[in-house]
Each structure stands twice: as structure tokens, then as C-alpha cells.
Amino acid sequence: MSIQSIGSNPIPPIPAINSTQKPVASGSATQITQTFETMLNTLNESQLSSDALVEKMARGESVDLHEVMIGMEENNVNFNVALGIRDKLIEAYREVMRMQV
């Protein structure tokens, strides 16, 4: 059994950072806006479908109770995720506003 030596470093070196380069915001604000808008539209659709299932059940139509409960819980989870994201965005905004220029 022969032991092979370690040839080259498997981890590539970190490239040097040029101090004259400035970060460029290439539409990141619009991407965040579009992502948040998509999330809110999805939340709205989830709320509407959950409400429709509850209305069908209240009218006595043939709807399985477990489907109604699953729809309501999905809506609850989506709403909590949206609230968490909103709280993080507000926290980030406040942190930016606290920065001294």
C-alpha cells in the first residue's frame, strides 16, 4: 500500500479586493420589491382559497373537513412567514436609518 503525497492546495486563494471598486446596486431594490409583491400575491390567493373552502363548508356543500383545516393552516403559515419577513424588513430599515453618515 503506497501513500500518495498531497500535491497542490485544494482550496483556491481568495482574490485580492481592489479598494477603488465600489459596489453596484444592479436592480436589487426592484428585485426585492418584486419578490415581496409576489409573496403578498401568493398570500392573498391562499387567503381567498381558504375563505372559499370555509364558505363552502358553512353552506353545507360537499367539502372534506380535513381539506378546510389544511387550507386554513397553510394560510396561517403563509401569513406568519409574511409577518416575519415584514418584521425583518422593518428592522433592516431602522438599522439603516440609525447609521451615521
# chains A, B, ... in the order shown; residues from 1 in each chain; ligands from 1
call {"tool": "residues_around", "arguments": {"residues": "region 64-76 of chain A", "least_positions_apart": "5", "cutoff": "12 Å", "atoms": "only C-alpha atoms", "output": "VMD selection string"}}
result
chain A and resid 40 42 to 58 81 to 83
call {"tool": "write_last_selection", "arguments": {"atoms": "N, CA and C atoms", "output": "PDB file, in the first residue's frame"}}
result
ATOM      1  N   LEU A  40     -46.765  38.567  -1.426  1.00  0.00           N
ATOM      2  CA  LEU A  40     -48.051  39.088  -0.972  1.00  0.00           C
ATOM      3  C   LEU A  40     -49.190  38.599  -1.849  1.00  0.00           C
ATOM      4  N   THR A  42     -49.246  35.718  -3.420  1.00  0.00           N
ATOM      5  CA  THR A  42     -49.427  34.326  -3.035  1.00  0.00           C
ATOM      6  C   THR A  42     -50.193  34.222  -1.722  1.00  0.00           C
ATOM      7  N   LEU A  43     -49.869  35.102  -0.785  1.00  0.00           N
ATOM      8  CA  LEU A  43     -50.586  35.129   0.494  1.00  0.00           C
ATOM      9  C   LEU A  43     -52.054  35.465   0.274  1.00  0.00           C
ATOM     10  N   ASN A  44     -52.334  36.419  -0.594  1.00  0.00           N
ATOM     11  CA  ASN A  44     -53.710  36.803  -0.883  1.00  0.00           C
ATOM     12  C   ASN A  44     -54.479  35.633  -1.512  1.00  0.00           C
ATOM     13  N   GLU A  45     -53.857  34.941  -2.470  1.00  0.00           N
ATOM     14  CA  GLU A  45     -54.502  33.784  -3.099  1.00  0.00           C
ATOM     15  C   GLU A  45     -54.771  32.685  -2.079  1.00  0.00           C
ATOM     16  N   SER A  46     -53.838  32.474  -1.158  1.00  0.00           N
ATOM     17  CA  SER A  46     -54.017  31.477  -0.111  1.00  0.00           C
ATOM     18  C   SER A  46     -55.187  31.854   0.790  1.00  0.00           C
ATOM     19  N   GLN A  47     -55.284  33.128   1.130  1.00  0.00           N
ATOM     20  CA  GLN A  47     -56.383  33.609   1.974  1.00  0.00           C
ATOM     21  C   GLN A  47     -57.727  33.438   1.270  1.00  0.00           C
ATOM     22  N   LEU A  48     -57.780  33.776  -0.018  1.00  0.00           N
ATOM     23  CA  LEU A  48     -59.029  33.659  -0.769  1.00  0.00           C
ATOM     24  C   LEU A  48     -59.468  32.206  -0.906  1.00  0.00           C
ATOM     25  N   SER A  49     -58.521  31.306  -1.175  1.00  0.00           N
ATOM     26  CA  SER A  49     -58.894  29.889  -1.310  1.00  0.00           C
ATOM     27  C   SER A  49     -59.334  29.310   0.026  1.00  0.00           C
ATOM     28  N   SER A  50     -58.683  29.718   1.111  1.00  0.00           N
ATOM     29  CA  SER A  50     -59.074  29.262   2.439  1.00  0.00           C
ATOM     30  C   SER A  50     -60.471  29.765   2.781  1.00  0.00           C
ATOM     31  N   ASP A  51     -60.749  31.033   2.482  1.00  0.00           N
ATOM     32  CA  ASP A  51     -62.080  31.594   2.734  1.00  0.00           C
ATOM     33  C   ASP A  51     -63.149  30.887   1.902  1.00  0.00           C
ATOM     34  N   ALA A  52     -62.821  30.561   0.655  1.00  0.00           N
ATOM     35  CA  ALA A  52     -63.781  29.874  -0.207  1.00  0.00           C
ATOM     36  C   ALA A  52     -64.117  28.498   0.354  1.00  0.00           C
ATOM     37  N   LEU A  53     -63.113  27.777   0.855  1.00  0.00           N
ATOM     38  CA  LEU A  53     -63.370  26.463   1.446  1.00  0.00           C
ATOM     39  C   LEU A  53     -64.242  26.571   2.690  1.00  0.00           C
ATOM     40  N   VAL A  54     -63.990  27.576   3.522  1.00  0.00           N
ATOM     41  CA  VAL A  54     -64.794  27.763   4.731  1.00  0.00           C
ATOM     42  C   VAL A  54     -66.235  28.112   4.354  1.00  0.00           C
ATOM     43  N   GLU A  55     -66.412  28.960   3.343  1.00  0.00           N
ATOM     44  CA  GLU A  55     -67.766  29.314   2.900  1.00  0.00           C
ATOM     45  C   GLU A  55     -68.506  28.095   2.365  1.00  0.00           C
ATOM     46  N   LYS A  56     -67.816  27.259   1.584  1.00  0.00           N
ATOM     47  CA  LYS A  56     -68.453  26.051   1.063  1.00  0.00           C
ATOM     48  C   LYS A  56     -68.905  25.140   2.198  1.00  0.00           C
ATOM     49  N   MET A  57     -68.049  24.998   3.203  1.00  0.00           N
ATOM     50  CA  MET A  57     -68.400  24.147   4.334  1.00  0.00           C
ATOM     51  C   MET A  57     -69.578  24.741   5.107  1.00  0.00           C
ATOM     52  N   ALA A  58     -69.601  26.067   5.279  1.00  0.00           N
ATOM     53  CA  ALA A  58     -70.677  26.722   6.009  1.00  0.00           C
ATOM     54  C   ALA A  58     -72.012  26.599   5.264  1.00  0.00           C
ATOM     55  N   VAL A  81     -45.136  33.683   7.916  1.00  0.00           N
ATOM     56  CA  VAL A  81     -43.900  33.920   7.163  1.00  0.00           C
ATOM     57  C   VAL A  81     -43.872  35.362   6.657  1.00  0.00           C
ATOM     58  N   ALA A  82     -45.002  35.844   6.143  1.00  0.00           N
ATOM     59  CA  ALA A  82     -45.078  37.225   5.657  1.00  0.00           C
ATOM     60  C   ALA A  82     -44.831  38.212   6.789  1.00  0.00           C
ATOM     61  N   LEU A  83     -45.381  37.945   7.958  1.00  0.00           N
ATOM     62  CA  LEU A  83     -45.144  38.819   9.106  1.00  0.00           C
ATOM     63  C   LEU A  83     -43.673  38.817   9.512  1.00  0.00           C
TER      64      LEU A  83
END
call {"tool": "closest_residue", "arguments": {"among": "A:Met39, A:Val101, A:Ala29, A:Val63", "to": "Arg86 (chain A)", "atoms": "only C-alpha atoms"}}
result
A:Met39
call {"tool": "atom_distance", "arguments": {"atom1": "CA of Glu91 (chain A)", "atom2": "CA of Asn78 (chain A)"}}
result
19.9 Å
call {"tool": "atom_distance", "arguments": {"atom1": "CA of Arg59 (chain A)", "atom2": "CA of Asn80 (chain A)"}}
result
28.3 Å
